[in-house]
Each structure stands twice: as structure tokens, then as C-alpha cells.
$ cat target.cif   # mmCIF, C-alpha atoms
data_target
loop_
_atom_site.group_PDB
_atom_site.id
_atom_site.type_symbol
_atom_site.label_atom_id
_atom_site.label_comp_id
_atom_site.auth_asym_id
_atom_site.auth_seq_id
_atom_site.Cartn_x
_atom_site.Cartn_y
_atom_site.Cartn_z
ATOM 1 C CA MET A 1 138.638 -7.786 -99.144
ATOM 2 C CA ALA A 2 138.653 -8.151 -95.329
ATOM 3 C CA ASN A 3 136.899 -10.919 -93.380
ATOM 4 C CA GLY A 4 135.368 -12.004 -96.668
ATOM 5 C CA LEU A 5 133.518 -8.709 -97.077
ATOM 6 C CA THR A 6 133.536 -6.402 -100.060
ATOM 7 C CA HIS A 7 133.976 -2.701 -99.263
ATOM 8 C CA PHE A 8 131.931 -0.266 -101.343
ATOM 9 C CA PRO A 9 132.385 3.491 -101.717
ATOM 10 C CA LEU A 10 130.678 5.832 -99.287
ATOM 11 C CA LEU A 11 127.437 7.257 -100.635
ATOM 12 C CA PRO A 12 126.966 11.023 -100.936
ATOM 13 C CA SER A 13 124.026 12.687 -99.287
ATOM 14 C CA ILE A 14 120.560 12.855 -100.771
ATOM 15 C CA ALA A 15 119.993 15.866 -103.034
ATOM 16 C CA ARG A 16 117.136 17.978 -101.775
ATOM 17 C CA VAL A 17 115.549 21.369 -102.101
ATOM 18 C CA PRO A 18 115.897 23.753 -99.133
ATOM 19 C CA PRO A 19 113.612 22.433 -96.375
ATOM 20 C CA THR A 20 110.505 24.342 -95.484
ATOM 21 C CA LYS A 21 111.115 23.744 -91.785
ATOM 22 C CA PRO A 22 113.979 22.372 -89.687
ATOM 23 C CA GLY A 23 114.469 18.650 -90.290
ATOM 24 C CA SER A 24 112.203 18.517 -93.337
ATOM 25 C CA GLN A 25 113.631 16.459 -96.191
ATOM 26 C CA MET A 26 110.506 15.665 -98.171
ATOM 27 C CA ASN A 27 109.628 16.250 -101.805
ATOM 28 C CA CYS A 28 113.130 15.536 -103.086
ATOM 29 C CA TRP A 29 114.600 13.199 -105.675
ATOM 30 C CA ILE A 30 118.024 11.690 -105.088
ATOM 31 C CA SER A 31 120.899 13.344 -106.922
ATOM 32 C CA SER A 32 122.681 12.003 -109.983
ATOM 33 C CA GLU A 33 125.763 11.601 -107.793
ATOM 34 C CA LEU A 34 123.963 9.409 -105.270
ATOM 35 C CA PHE A 35 122.407 7.351 -108.054
ATOM 36 C CA ALA A 36 125.857 6.825 -109.585
ATOM 37 C CA ALA A 37 127.224 5.808 -106.177
ATOM 38 C CA PHE A 38 124.539 3.144 -105.846
ATOM 39 C CA GLU A 39 125.498 1.847 -109.281
ATOM 40 C CA ALA A 40 129.178 1.746 -108.323
ATOM 41 C CA GLY A 41 128.267 -0.055 -105.099
ATOM 42 C CA GLU A 42 126.334 -2.778 -106.945
ATOM 43 C CA THR A 43 123.047 -1.644 -105.394
ATOM 44 C CA SER A 44 119.971 -1.580 -107.612
ATOM 45 C CA ALA A 45 117.346 -1.448 -104.833
ATOM 46 C CA HIS A 46 116.953 1.964 -103.199
ATOM 47 C CA ARG A 47 114.633 4.927 -102.637
ATOM 48 C CA LEU A 48 114.381 7.553 -105.384
ATOM 49 C CA PHE A 49 111.871 10.029 -103.951
ATOM 50 C CA THR A 50 109.937 10.715 -100.769
ATOM 51 C CA ALA A 51 106.882 12.921 -100.185
ATOM 52 C CA PRO A 52 104.240 12.947 -97.429
ATOM 53 C CA ASP A 53 101.713 10.991 -99.528
ATOM 54 C CA ALA A 54 103.974 8.943 -101.817
ATOM 55 C CA TRP A 55 107.423 7.499 -102.274
ATOM 56 C CA VAL A 56 109.252 5.965 -105.215
ATOM 57 C CA GLU A 57 111.644 3.018 -105.124
ATOM 58 C CA ARG A 58 113.921 1.563 -107.748
ATOM 59 C CA LEU A 59 113.934 -2.239 -107.850
ATOM 60 C CA GLY A 60 116.422 -3.282 -110.492
ATOM 61 C CA GLY A 61 115.194 -2.063 -113.847
ATOM 62 C CA ASP A 62 111.702 -1.438 -112.467
ATOM 63 C CA VAL A 63 110.173 1.303 -110.323
ATOM 64 C CA LEU A 64 107.514 1.040 -107.610
ATOM 65 C CA ILE A 65 105.390 4.057 -106.619
ATOM 66 C CA SER A 66 103.710 3.674 -103.222
ATOM 67 C CA PHE A 67 100.937 6.217 -102.699
ATOM 68 C CA LYS A 68 98.160 7.356 -100.394
ATOM 69 C CA THR A 69 96.209 9.431 -102.939
ATOM 70 C CA GLU A 70 95.850 9.280 -106.703
ATOM 71 C CA THR A 71 97.006 12.884 -106.934
ATOM 72 C CA ALA A 72 100.243 11.986 -105.145
ATOM 73 C CA ARG A 73 100.685 8.934 -107.377
ATOM 74 C CA ASP A 74 100.283 10.940 -110.578
ATOM 75 C CA ALA A 75 102.646 13.666 -109.341
ATOM 76 C CA ALA A 76 105.266 11.047 -108.458
ATOM 77 C CA PHE A 77 104.933 9.449 -111.885
ATOM 78 C CA ALA A 78 105.413 12.807 -113.618
ATOM 79 C CA GLY A 79 108.368 13.548 -111.359
ATOM 80 C CA LEU A 80 109.891 10.175 -112.191
ATOM 81 C CA ARG A 81 109.848 10.911 -115.931
ATOM 82 C CA GLU A 82 111.512 14.287 -115.330
ATOM 83 C CA TRP A 83 114.130 12.724 -113.023
ATOM 84 C CA GLU A 84 114.863 10.030 -115.611
ATOM 85 C CA SER A 85 115.504 12.694 -118.235
ATOM 86 C CA ARG A 86 118.140 14.256 -115.948
ATOM 87 C CA THR A 87 119.902 11.072 -114.869
ATOM 88 C CA GLY A 88 119.643 8.896 -117.971
ATOM 89 C CA PHE A 89 117.975 6.050 -116.067
ATOM 90 C CA CYS A 90 115.154 4.441 -118.046
ATOM 91 C CA SER A 91 112.756 2.274 -116.066
ATOM 92 C CA GLY A 92 111.589 -0.861 -117.798
ATOM 93 C CA ARG A 93 108.276 -0.882 -115.946
ATOM 94 C CA VAL A 94 106.504 1.316 -113.419
ATOM 95 C CA PHE A 95 104.238 -0.256 -110.793
ATOM 96 C CA SER A 96 102.026 1.547 -108.285
ATOM 97 C CA ARG A 97 100.867 0.325 -104.887
ATOM 98 C CA PHE A 98 98.146 1.866 -102.759
ATOM 99 C CA LEU A 99 99.052 2.408 -99.092
ATOM 100 C CA PRO A 100 95.937 1.476 -97.072
ATOM 101 C CA ARG A 101 95.240 2.296 -93.464
ATOM 102 C CA GLN A 102 94.398 -1.320 -92.631
ATOM 103 C CA ASN A 103 96.554 -4.357 -93.456
ATOM 104 C CA ALA A 104 93.487 -6.215 -94.698
ATOM 105 C CA GLU A 105 93.145 -3.665 -97.514
ATOM 106 C CA ARG A 106 96.612 -4.321 -98.934
ATOM 107 C CA VAL A 107 96.762 -5.346 -102.583
ATOM 108 C CA ALA A 108 99.521 -6.303 -105.011
ATOM 109 C CA PRO A 109 101.220 -3.595 -107.114
ATOM 110 C CA VAL A 110 99.504 -2.580 -110.368
ATOM 111 C CA LEU A 111 101.380 -2.012 -113.632
ATOM 112 C CA MET A 112 101.251 1.641 -114.724
ATOM 113 C CA ALA A 113 103.719 1.584 -117.623
ATOM 114 C CA GLY A 114 105.766 -1.037 -119.436
ATOM 115 C CA ASP A 115 105.264 -4.433 -121.045
ATOM 116 C CA PRO A 116 102.275 -6.240 -119.476
ATOM 117 C CA ALA A 117 103.539 -9.553 -120.892
ATOM 118 C CA ALA A 118 106.910 -9.367 -119.118
ATOM 119 C CA SER A 119 107.600 -11.633 -116.145
ATOM 120 C CA LEU A 120 106.626 -10.274 -112.749
ATOM 121 C CA HIS A 121 109.817 -11.806 -111.343
ATOM 122 C CA ALA A 122 113.066 -9.854 -111.211
ATOM 123 C CA VAL A 123 116.405 -9.832 -109.382
ATOM 124 C CA VAL A 124 117.901 -6.826 -107.591
ATOM 125 C CA THR A 125 121.293 -6.334 -105.967
ATOM 126 C CA GLU A 126 122.350 -4.771 -102.681
ATOM 127 C CA ARG A 127 126.109 -4.373 -102.263
ATOM 128 C CA GLY A 128 126.497 -7.262 -104.654
ATOM 129 C CA VAL A 129 124.011 -9.551 -102.856
ATOM 130 C CA ARG A 130 121.157 -10.789 -105.055
ATOM 131 C CA TYR A 131 117.496 -10.875 -104.001
ATOM 132 C CA GLY A 132 114.428 -12.061 -105.882
ATOM 133 C CA ILE A 133 111.510 -9.694 -106.480
ATOM 134 C CA ASP A 134 107.966 -10.773 -107.335
ATOM 135 C CA PHE A 135 105.484 -8.009 -108.157
ATOM 136 C CA GLY A 136 102.665 -10.553 -108.296
ATOM 137 C CA ALA A 137 103.210 -12.153 -104.889
ATOM 138 C CA GLY A 138 101.186 -9.642 -102.897
ATOM 139 C CA TYR A 139 101.671 -6.327 -101.157
ATOM 140 C CA SER A 140 105.416 -6.777 -100.595
ATOM 141 C CA ALA A 141 107.639 -7.319 -103.630
ATOM 142 C CA GLY A 142 110.143 -9.163 -101.440
ATOM 143 C CA LEU A 143 112.813 -6.807 -100.056
ATOM 144 C CA PHE A 144 112.551 -4.094 -97.411
ATOM 145 C CA ILE A 145 115.156 -1.628 -98.622
ATOM 146 C CA ASP A 146 115.115 0.443 -95.412
ATOM 147 C CA GLN A 147 116.988 -2.453 -93.731
ATOM 148 C CA ARG A 148 120.037 -2.055 -95.999
ATOM 149 C CA ALA A 149 122.375 -0.739 -93.291
ATOM 150 C CA ASN A 150 121.250 -3.394 -90.821
ATOM 151 C CA ARG A 151 121.908 -6.161 -93.341
ATOM 152 C CA ALA A 152 125.392 -4.758 -93.853
ATOM 153 C CA HIS A 153 125.901 -4.751 -90.077
ATOM 154 C CA VAL A 154 124.807 -8.397 -89.833
ATOM 155 C CA ARG A 155 127.403 -9.316 -92.421
ATOM 156 C CA LYS A 156 130.058 -7.360 -90.536
ATOM 157 C CA LEU A 157 129.189 -9.080 -87.252
ATOM 158 C CA ALA A 158 129.754 -12.500 -88.914
ATOM 159 C CA PRO A 159 127.691 -14.495 -86.377
ATOM 160 C CA ARG A 160 128.062 -18.227 -85.837
ATOM 161 C CA GLN A 161 124.397 -18.969 -85.091
ATOM 162 C CA MET A 162 121.648 -16.555 -86.137
ATOM 163 C CA LEU A 163 117.937 -16.623 -85.335
ATOM 164 C CA ASN A 164 115.831 -14.666 -87.838
ATOM 165 C CA THR A 165 112.275 -14.191 -86.580
ATOM 166 C CA PHE A 166 109.456 -12.916 -88.815
ATOM 167 C CA ALA A 167 111.982 -13.701 -91.540
ATOM 168 C CA HIS A 168 109.859 -12.854 -94.610
ATOM 169 C CA THR A 169 112.082 -13.750 -97.607
ATOM 170 C CA CYS A 170 115.142 -14.282 -95.389
ATOM 171 C CA SER A 171 117.337 -11.387 -96.513
ATOM 172 C CA PHE A 172 119.025 -11.211 -93.086
ATOM 173 C CA SER A 173 119.666 -14.952 -93.216
ATOM 174 C CA VAL A 174 121.294 -14.626 -96.633
ATOM 175 C CA VAL A 175 123.875 -12.060 -95.511
ATOM 176 C CA ALA A 176 124.533 -13.983 -92.287
ATOM 177 C CA ALA A 177 125.105 -17.161 -94.304
ATOM 178 C CA MET A 178 127.470 -15.292 -96.610
ATOM 179 C CA ALA A 179 129.509 -14.409 -93.510
ATOM 180 C CA GLY A 180 129.631 -18.062 -92.419
ATOM 181 C CA ALA A 181 126.673 -18.348 -90.026
ATOM 182 C CA ARG A 182 124.259 -21.203 -89.541
ATOM 183 C CA THR A 183 120.737 -19.764 -89.553
ATOM 184 C CA LEU A 184 117.204 -20.478 -88.413
ATOM 185 C CA SER A 185 114.518 -18.487 -90.281
ATOM 186 C CA ILE A 186 110.980 -18.475 -88.872
ATOM 187 C CA ASP A 187 107.882 -17.060 -90.564
ATOM 188 C CA LEU A 188 104.202 -17.956 -90.654
ATOM 189 C CA SER A 189 104.251 -17.903 -94.466
ATOM 190 C CA LYS A 190 105.652 -21.013 -96.148
ATOM 191 C CA LYS A 191 105.620 -19.129 -99.467
ATOM 192 C CA SER A 192 107.848 -16.403 -98.031
ATOM 193 C CA LEU A 193 110.316 -18.992 -96.743
ATOM 194 C CA ASP A 194 110.296 -20.717 -100.144
ATOM 195 C CA ARG A 195 111.311 -17.356 -101.614
ATOM 196 C CA GLY A 196 114.002 -17.191 -98.944
ATOM 197 C CA ARG A 197 115.424 -20.501 -100.102
ATOM 198 C CA LYS A 198 115.511 -19.119 -103.641
ATOM 199 C CA ASN A 199 117.441 -16.078 -102.366
ATOM 200 C CA PHE A 200 120.043 -18.493 -100.984
ATOM 201 C CA GLY A 201 120.250 -20.096 -104.418
ATOM 202 C CA LEU A 202 120.585 -16.734 -106.177
ATOM 203 C CA ASN A 203 123.777 -16.191 -104.183
ATOM 204 C CA GLY A 204 125.191 -19.688 -104.622
ATOM 205 C CA LEU A 205 124.624 -20.570 -100.965
ATOM 206 C CA PRO A 206 123.954 -24.214 -100.035
ATOM 207 C CA LEU A 207 121.011 -24.887 -97.726
ATOM 208 C CA ASP A 208 123.012 -27.224 -95.501
ATOM 209 C CA GLY A 209 123.194 -25.763 -92.010
ATOM 210 C CA HIS A 210 120.180 -23.523 -92.553
ATOM 211 C CA ARG A 211 116.688 -24.183 -91.211
ATOM 212 C CA PHE A 212 113.426 -22.700 -92.482
ATOM 213 C CA LEU A 213 110.435 -23.099 -90.178
ATOM 214 C CA ALA A 214 106.894 -22.090 -91.180
ATOM 215 C CA ASP A 215 105.337 -21.502 -87.775
ATOM 216 C CA ASP A 216 104.280 -18.830 -85.282
ATOM 217 C CA VAL A 217 107.340 -17.165 -83.734
ATOM 218 C CA LEU A 218 105.550 -16.861 -80.384
ATOM 219 C CA ASP A 219 105.102 -20.656 -80.298
ATOM 220 C CA VAL A 220 108.582 -21.488 -81.553
ATOM 221 C CA LEU A 221 110.721 -19.342 -79.215
ATOM 222 C CA PRO A 222 109.692 -21.186 -76.006
ATOM 223 C CA ARG A 223 110.360 -24.533 -77.733
ATOM 224 C CA LEU A 224 113.849 -23.380 -78.678
ATOM 225 C CA GLY A 225 114.404 -22.326 -75.081
ATOM 226 C CA ARG A 226 113.336 -25.714 -73.716
ATOM 227 C CA ARG A 227 115.824 -27.370 -76.089
ATOM 228 C CA GLY A 228 118.580 -25.098 -74.822
ATOM 229 C CA GLU A 229 119.328 -23.508 -78.191
ATOM 230 C CA LYS A 230 121.420 -20.335 -78.110
ATOM 231 C CA PHE A 231 122.163 -17.735 -80.799
ATOM 232 C CA ASP A 232 124.795 -15.033 -80.955
ATOM 233 C CA LEU A 233 122.629 -12.914 -83.277
ATOM 234 C CA ILE A 234 118.844 -12.546 -83.093
ATOM 235 C CA ILE A 235 116.715 -10.542 -85.532
ATOM 236 C CA LEU A 236 113.391 -9.222 -84.207
ATOM 237 C CA ASP A 237 111.553 -7.492 -87.051
ATOM 238 C CA PRO A 238 107.870 -8.191 -86.361
ATOM 239 C CA PRO A 239 104.892 -6.857 -88.294
ATOM 240 C CA THR A 240 102.805 -4.101 -86.774
ATOM 241 C CA PHE A 241 99.750 -6.364 -86.703
ATOM 242 C CA SER A 242 99.089 -10.000 -87.620
ATOM 243 C CA LEU A 243 97.133 -13.097 -86.689
ATOM 244 C CA GLY A 244 99.155 -16.091 -85.564
ATOM 245 C CA ASN A 245 98.332 -19.703 -84.779
ATOM 246 C CA ARG A 246 94.794 -20.310 -83.525
ATOM 247 C CA GLY A 247 93.854 -16.773 -84.548
ATOM 248 C CA ARG A 248 96.088 -15.252 -81.874
ATOM 249 C CA ARG A 249 96.264 -11.479 -82.288
ATOM 250 C CA TRP A 250 99.663 -9.787 -82.505
ATOM 251 C CA GLN A 251 99.985 -6.033 -81.918
ATOM 252 C CA VAL A 252 103.607 -4.944 -81.807
ATOM 253 C CA GLU A 253 103.269 -1.924 -79.502
ATOM 254 C CA GLU A 254 101.578 -4.155 -76.904
ATOM 255 C CA GLN A 255 103.876 -7.170 -77.176
ATOM 256 C CA VAL A 256 107.351 -6.018 -78.195
ATOM 257 C CA GLU A 257 108.491 -6.049 -74.553
ATOM 258 C CA ASP A 258 107.477 -9.708 -74.086
ATOM 259 C CA LEU A 259 109.054 -10.602 -77.431
ATOM 260 C CA LEU A 260 112.383 -9.092 -76.413
ATOM 261 C CA ARG A 261 112.266 -10.734 -73.002
ATOM 262 C CA THR A 262 111.668 -14.150 -74.561
ATOM 263 C CA ALA A 263 114.380 -13.608 -77.170
ATOM 264 C CA LEU A 264 116.940 -12.736 -74.485
ATOM 265 C CA GLU A 265 116.470 -16.217 -73.029
ATOM 266 C CA LEU A 266 117.887 -17.575 -76.314
ATOM 267 C CA ALA A 267 120.816 -15.162 -76.470
ATOM 268 C CA ALA A 268 124.324 -16.520 -76.094
ATOM 269 C CA PRO A 269 126.843 -14.537 -74.028
ATOM 270 C CA LYS A 270 127.724 -11.251 -75.747
ATOM 271 C CA ALA A 271 125.008 -11.798 -78.361
ATOM 272 C CA ALA A 272 123.645 -9.003 -80.537
ATOM 273 C CA LEU A 273 119.931 -8.393 -81.108
ATOM 274 C CA LEU A 274 118.220 -6.206 -83.687
ATOM 275 C CA ILE A 275 114.836 -4.732 -82.727
ATOM 276 C CA SER A 276 112.976 -3.175 -85.657
ATOM 277 C CA THR A 277 109.463 -1.905 -86.293
ATOM 278 C CA ASN A 278 107.428 0.143 -88.742
ATOM 279 C CA CYS A 279 104.798 0.916 -86.103
ATOM 280 C CA THR A 280 104.377 4.684 -85.868
ATOM 281 C CA LYS A 281 103.488 4.350 -82.165
ATOM 282 C CA LEU A 282 106.959 2.998 -81.393
ATOM 283 C CA ASP A 283 109.590 5.663 -81.941
ATOM 284 C CA LEU A 284 113.274 5.170 -81.208
ATOM 285 C CA PRO A 285 113.171 6.627 -77.645
ATOM 286 C CA THR A 286 110.338 4.212 -76.808
ATOM 287 C CA LEU A 287 112.313 1.255 -78.154
ATOM 288 C CA GLU A 288 115.324 2.347 -76.118
ATOM 289 C CA ARG A 289 113.278 2.637 -72.907
ATOM 290 C CA THR A 290 111.785 -0.800 -73.527
ATOM 291 C CA ALA A 291 115.195 -2.374 -74.136
ATOM 292 C CA ARG A 292 116.699 -0.814 -70.998
ATOM 293 C CA PHE A 293 113.751 -1.981 -68.871
ATOM 294 C CA VAL A 294 113.946 -5.547 -70.188
ATOM 295 C CA LEU A 295 117.702 -5.655 -69.601
ATOM 296 C CA LYS A 296 117.215 -4.406 -66.044
ATOM 297 C CA VAL A 297 114.563 -7.031 -65.304
ATOM 298 C CA ALA A 298 116.771 -9.756 -66.805
ATOM 299 C CA ARG A 299 119.795 -8.443 -64.848
ATOM 300 C CA LEU A 300 121.847 -8.181 -68.006
ATOM 301 C CA GLY A 301 124.195 -5.489 -69.218
ATOM 302 C CA GLY A 302 124.001 -4.205 -72.752
ATOM 303 C CA ASP A 303 124.810 -1.313 -75.052
ATOM 304 C CA LEU A 304 122.294 0.286 -77.418
ATOM 305 C CA SER A 305 123.119 1.724 -80.838
ATOM 306 C CA HIS A 306 121.690 2.166 -84.323
ATOM 307 C CA GLU A 307 123.123 2.397 -87.802
ATOM 308 C CA PRO A 308 123.598 5.841 -89.444
ATOM 309 C CA PRO A 309 120.678 7.161 -91.549
ATOM 310 C CA LEU A 310 120.441 5.908 -95.107
ATOM 311 C CA PRO A 311 121.374 8.574 -97.679
ATOM 312 C CA ASP A 312 118.252 7.935 -99.780
ATOM 313 C CA PHE A 313 115.795 8.125 -96.856
ATOM 314 C CA PRO A 314 114.759 11.439 -95.266
ATOM 315 C CA ALA A 315 115.029 11.638 -91.493
ATOM 316 C CA GLY A 316 112.206 9.789 -89.772
ATOM 317 C CA GLU A 317 111.346 7.670 -92.814
ATOM 318 C CA GLY A 318 111.640 3.894 -92.836
ATOM 319 C CA ALA A 319 111.735 1.433 -89.973
ATOM 320 C CA ARG A 320 112.840 2.398 -86.484
ATOM 321 C CA THR A 321 115.698 0.047 -85.589
ATOM 322 C CA LEU A 322 117.807 -0.504 -82.495
ATOM 323 C CA TRP A 323 120.838 -2.723 -81.934
ATOM 324 C CA LEU A 324 121.308 -4.283 -78.511
ATOM 325 C CA GLN A 325 124.786 -5.678 -77.770
ATOM 326 C CA LEU A 326 125.020 -7.778 -74.619
ATOM 327 C CA ARG A 327 128.121 -7.284 -72.492
#
$ encode --input "target.cif" --output "C-alpha cells"
Amino acid sequence: MANGLTHFPLLPSIARVPPTKPGSQMNCWISSELFAAFEAGETSAHRLFTAPDAWVERLGGDVLISFKTETARDAAFAGLREWESRTGFCSGRVFSRFLPRQNAERVAPVLMAGDPAASLHAVVTERGVRYGIDFGAGYSAGLFIDQRANRAHVRKLAPRQMLNTFAHTCSFSVVAAMAGARTLSIDLSKKSLDRGRKNFGLNGLPLDGHRFLADDVLDVLPRLGRRGEKFDLIILDPPTFSLGNRGRRWQVEEQVEDLLRTALELAAPKAALLISTNCTKLDLPTLERTARFVLKVARLGGDLSHEPPLPDFPAGEGARTLWLQLR
């Protein structure tokens, strides 16, 4: 143990067939060695397989297949059964989730195999941290596994005061609290924040010193600024599109610059900020250009970095994330 953190073994690389073109890492299931490393590292939430039209995730004893076509879904399901025969893993249930083009078309996962009478609630672990999963709560089961490395970095930073915007079920707040931080989690969804409180409870964390605010981030940030609140760690992980208070339209590629500029007004000296997005129109070079421009306008110095790729995610898959460390 060091600084209250548990150190887990390094994970071997994803097992994959020879790529068809440089940089291609699709159509591959993780190796038995990587699966065993996740087990040894107390991590039961991770990617199993990635293809252009489908991916497969393990969530505890269950599996979730996300798909764009029924053909891709069925192929992933068949591949899962073959992979299970090689590794010895036996999924309790298999859910599938259609990946729509529009957010309004999102639906909750559907049970493909397993006991239909079993509870839709489950608990997964990530480096020993516990998170609640609910397959009946809607499109998201409750944990974005592509943020694993960033959650580990938050815990390593051990902030004193953390602001978690678009907090969802508060996974970043949980790891910050475990490192001793006081946190403020903001999300439009009261139900998501209620699930966040339960995640605190799953890890034996008291709620004292932690605030949960169901409100529009764009309304809250200026209020925090007027009160003079400062944070040494700020999480900016907005949705690609949403409707806020009074039907206000949010489109991340149009507003991420303003969001970062407003967040910097709440940053304490030498604060760290995480900027993350799933928007395909915002690649990492674009995020970097935006961050440098905002820093220049604000007359602040800062260093940009990002965590190494996850071993279970092919290059280019998952959220684009950027760390900004103020000097």
C-alpha cells in the first residue's frame, strides 16, 4: 500500500488476430491471460470483444452485447460461447443492447439468455472498487468501463476538492472520496445521483462532505463561480447531445470550448481537469487544440496528457480523453 492505494499487476496486451491493415485491432476476443489478469486485479467490468458493428462487455457475472445489426449481434453471441469454452468463464446472463443513431431511440438492454426471474441489479468491481449495475434502468447499465484508467488517475491524484460534472452514477466521485476528497457531483438526473449515493454505500463511504446536485451543469457552474468556490480537480465528461433546463439544447462539439472556459474559472491553482467525450466529431487533436486555445485566452499555463490505452480496447475505441494540468 502507498498513499492508501492498492497496486494491481500490469495487464498483458489484448490477444488479437493479425490486423488486416495498419492499426486495425477489430474482431478480436481478449486472451485468457488478460482475462486472468483482470481477475487478479479485482476487475470484473471490462471489454471482451470489439468489432465494427458490435462489442461485448463483461459486467460481473453477466455479459452485455452492444450491436448495430442483428447479424453482428448473433455473431457476437456465437463468438461469446466459443470464447467461454476456451477460458472457462460462464456468463450467468447475456443481455443485448441496440446502438441507435439518435439518442431518442435508445432502449434498455434485452435479456438474450439466462434466468428471466433474476434481479436486474448486480455489483461489479474495478480494481477492488464496487459499482452498482442496473440492466433495467435504461440505456446505460451504470458504469462506463472506458474510463477505467482515468478513474485510477483520479485516485492517484488524491484531490482535496473535486467537481464532477455530468456525474451520471458518480464513479469518479467514489474514487476521489476513497482518496480523501470532498466532492460535488452534478447531473440533471436525480435517479442517476441516487445510484451514485448507493455506489458510495457499496464502498463503505459516508456521505458527509459530499454533495449531490440534480441540476443543469451550465446553470450551476456560474453560481459556483459567484460563490467563489474552487476545486483542485474538475471532471468534464458531457454527453454528446442533451436537453437541459428550459429545453436548452446541448451539443458538445459546439459548446465544449465554453464549458472548459467556464470550468477554468473554478479551478484552484495547479488544478487538474479531465476533458472527455464520445462525440466522433471531436478527436484527440481537436480536444488538444481547444484546450490550448482556451488556456491562451485565459492567460494560463498548462500541460496536456492522456492515460495509456486500455488493454481490452482497440486503438480508437472508447471515449477520447485529455488531462489538463495547470502550472
$ residues_around --input "target.cif" --residues "Arg261 of chain A" --least-positions-apart "2" --cutoff "12 Å" --atoms "all atoms listed in the file" --output "ChimeraX atom specification"
/A:218,221-222,225,236,255-259,263-267,273,275,290-300
$ closest_residue --input "target.cif" --among "A:Asp237, A:Glu229, A:Glu57, A:Asp283" --to "Phe172 of chain A" --atoms "only C-alpha atoms"
A:Asp237
$ atom_distance --input "target.cif" --atom1 "atom CA of Pro238 of chain A" --atom2 "atom CA of Arg101 of chain A"
17.9 Å
$ atom_distance --input "target.cif" --atom1 "atom CA of Phe67 of chain A" --atom2 "atom CA of Ser173 of chain A"
29.8 Å
$ resolve_selection --input "target.cif" --expression "the PyMOL selection byres ((chain A and resi 164-170) around 7)" --output "list in words"
Gly142, Met162, Leu163, Ser171, Phe172, Ser173, Val174, Leu184, Ser185, Ile186, Asp187, Ser192, Leu193, Arg195, Gly196, Val217, Ile234, Ile235, Leu236, Asp237 and Pro238 of chain A
$ atom_distance --input "target.cif" --atom1 "atom CA of Glu317 of chain A" --atom2 "atom CA of Pro285 of chain A"
15.3 Å
$ residues_around --input "target.cif" --residues "Ala179 of chain A" --least-positions-apart "3" --cutoff "7 Å" --atoms "all atoms listed in the file" --output "list of chain:residue names"
A:Arg155, A:Ala158, A:Val175, A:Ala176
$ write_last_selection --input "target.cif" --atoms "C-alpha atoms" --output "short mmCIF file (atom, residue, chain, number, x, y, z; two decimals), in the frame of the given file"
data_model
loop_
_atom_site.label_atom_id
_atom_site.label_comp_id
_atom_site.auth_asym_id
_atom_site.auth_seq_id
_atom_site.Cartn_x
_atom_site.Cartn_y
_atom_site.Cartn_z
CA ARG A 155 127.40 -9.32 -92.42
CA ALA A 158 129.75 -12.50 -88.91
CA VAL A 175 123.88 -12.06 -95.51
CA ALA A 176 124.53 -13.98 -92.29
#
$ residues_near_point --input "target.cif" --point "(112.0, -5.4, -114.8)" --cutoff "9 Å" --atoms "all atoms listed in the file" --output "ChimeraX atom specification"
/A:59-63,91-94,114,118-123
$ closest_residue --input "target.cif" --among "A:Pro239, A:Phe313, A:Phe49, A:Leu260" --to "Cys279 of chain A" --atoms "only C-alpha atoms"
A:Pro239
$ closest_residue --input "target.cif" --among "A:Gly132, A:Gly318, A:Pro311, A:Gly138" --to "Ala108 of chain A" --atoms "all atoms listed in the file"
A:Gly138
$ closest_residue --input "target.cif" --among "A:Arg182, A:Arg327, A:Lys281, A:Arg106" --to "Pro206 of chain A" --atoms "all atoms listed in the file"
A:Arg182
$ axis_aligned_box --input "target.cif" --around "segment 107-110 of chain A" --padding-each-side "4 Å" --output "lines of an AutoDock Vina configuration file"
center_x = 99.0
center_y = -4.4
center_z = -106.5
size_x = 12.5
size_y = 11.7
size_z = 15.8
$ resolve_selection --input "target.cif" --expression "the PyMOL selection byres ((chain A and resi 29) around 6)" --output "ChimeraX atom specification"
/A:28,30,48-49
$ closest_residue --input "target.cif" --among "A:Asn203, A:Ser44, A:Thr183, A:Ser189" --to "Leu143 of chain A" --atoms "all atoms listed in the file"
A:Ser44
$ closest_residue --input "target.cif" --among "A:Val124, A:Val107, A:Ala72, A:Ala181" --to "His46 of chain A" --atoms "only C-alpha atoms"
A:Val124
$ resolve_selection --input "target.cif" --expression "the PyMOL selection byres ((chain A and resi 32) around 10)" --output "compact mmCIF listing (two decimals) with C-alpha atoms, in the coordinates of the input"
# COMPACT_ATOMS: atom_id res chain seq x y z
CA ILE A 14 120.56 12.86 -100.77
CA ALA A 15 119.99 15.87 -103.03
CA TRP A 29 114.60 13.20 -105.68
CA ILE A 30 118.02 11.69 -105.09
CA SER A 31 120.90 13.34 -106.92
CA GLU A 33 125.76 11.60 -107.79
CA LEU A 34 123.96 9.41 -105.27
CA PHE A 35 122.41 7.35 -108.05
CA ALA A 36 125.86 6.82 -109.58
CA ALA A 37 127.22 5.81 -106.18
CA PHE A 38 124.54 3.14 -105.85
CA TRP A 83 114.13 12.72 -113.02
CA GLU A 84 114.86 10.03 -115.61
CA ARG A 86 118.14 14.26 -115.95
CA THR A 87 119.90 11.07 -114.87
CA GLY A 88 119.64 8.90 -117.97
CA PHE A 89 117.98 6.05 -116.07
$ decode --input "target.cif" --residues "segment 188-206 of chain A" --atoms "C-alpha atoms" --output "compact mmCIF listing (two decimals), in the first residue's frame"
# COMPACT_ATOMS: atom_id res chain seq x y z
CA LEU A 188 -29.65 16.51 -14.47
CA SER A 189 -30.91 13.07 -13.43
CA LYS A 190 -31.87 12.69 -9.77
CA LYS A 191 -32.14 8.93 -10.31
CA SER A 192 -28.53 8.76 -11.51
CA LEU A 193 -27.35 10.68 -8.45
CA ASP A 194 -29.38 8.37 -6.20
CA ARG A 195 -27.45 5.49 -7.79
CA GLY A 196 -24.28 7.45 -7.09
CA ARG A 197 -25.13 7.63 -3.41
CA LYS A 198 -25.63 3.86 -3.44
CA ASN A 199 -22.17 3.46 -5.01
CA PHE A 200 -20.76 5.37 -2.04
CA GLY A 201 -22.56 2.94 0.26
CA LEU A 202 -21.28 -0.10 -1.64
CA ASN A 203 -17.76 1.03 -0.76
CA GLY A 204 -18.45 1.93 2.87
CA LEU A 205 -18.06 5.65 2.20
CA PRO A 206 -20.04 8.12 4.35
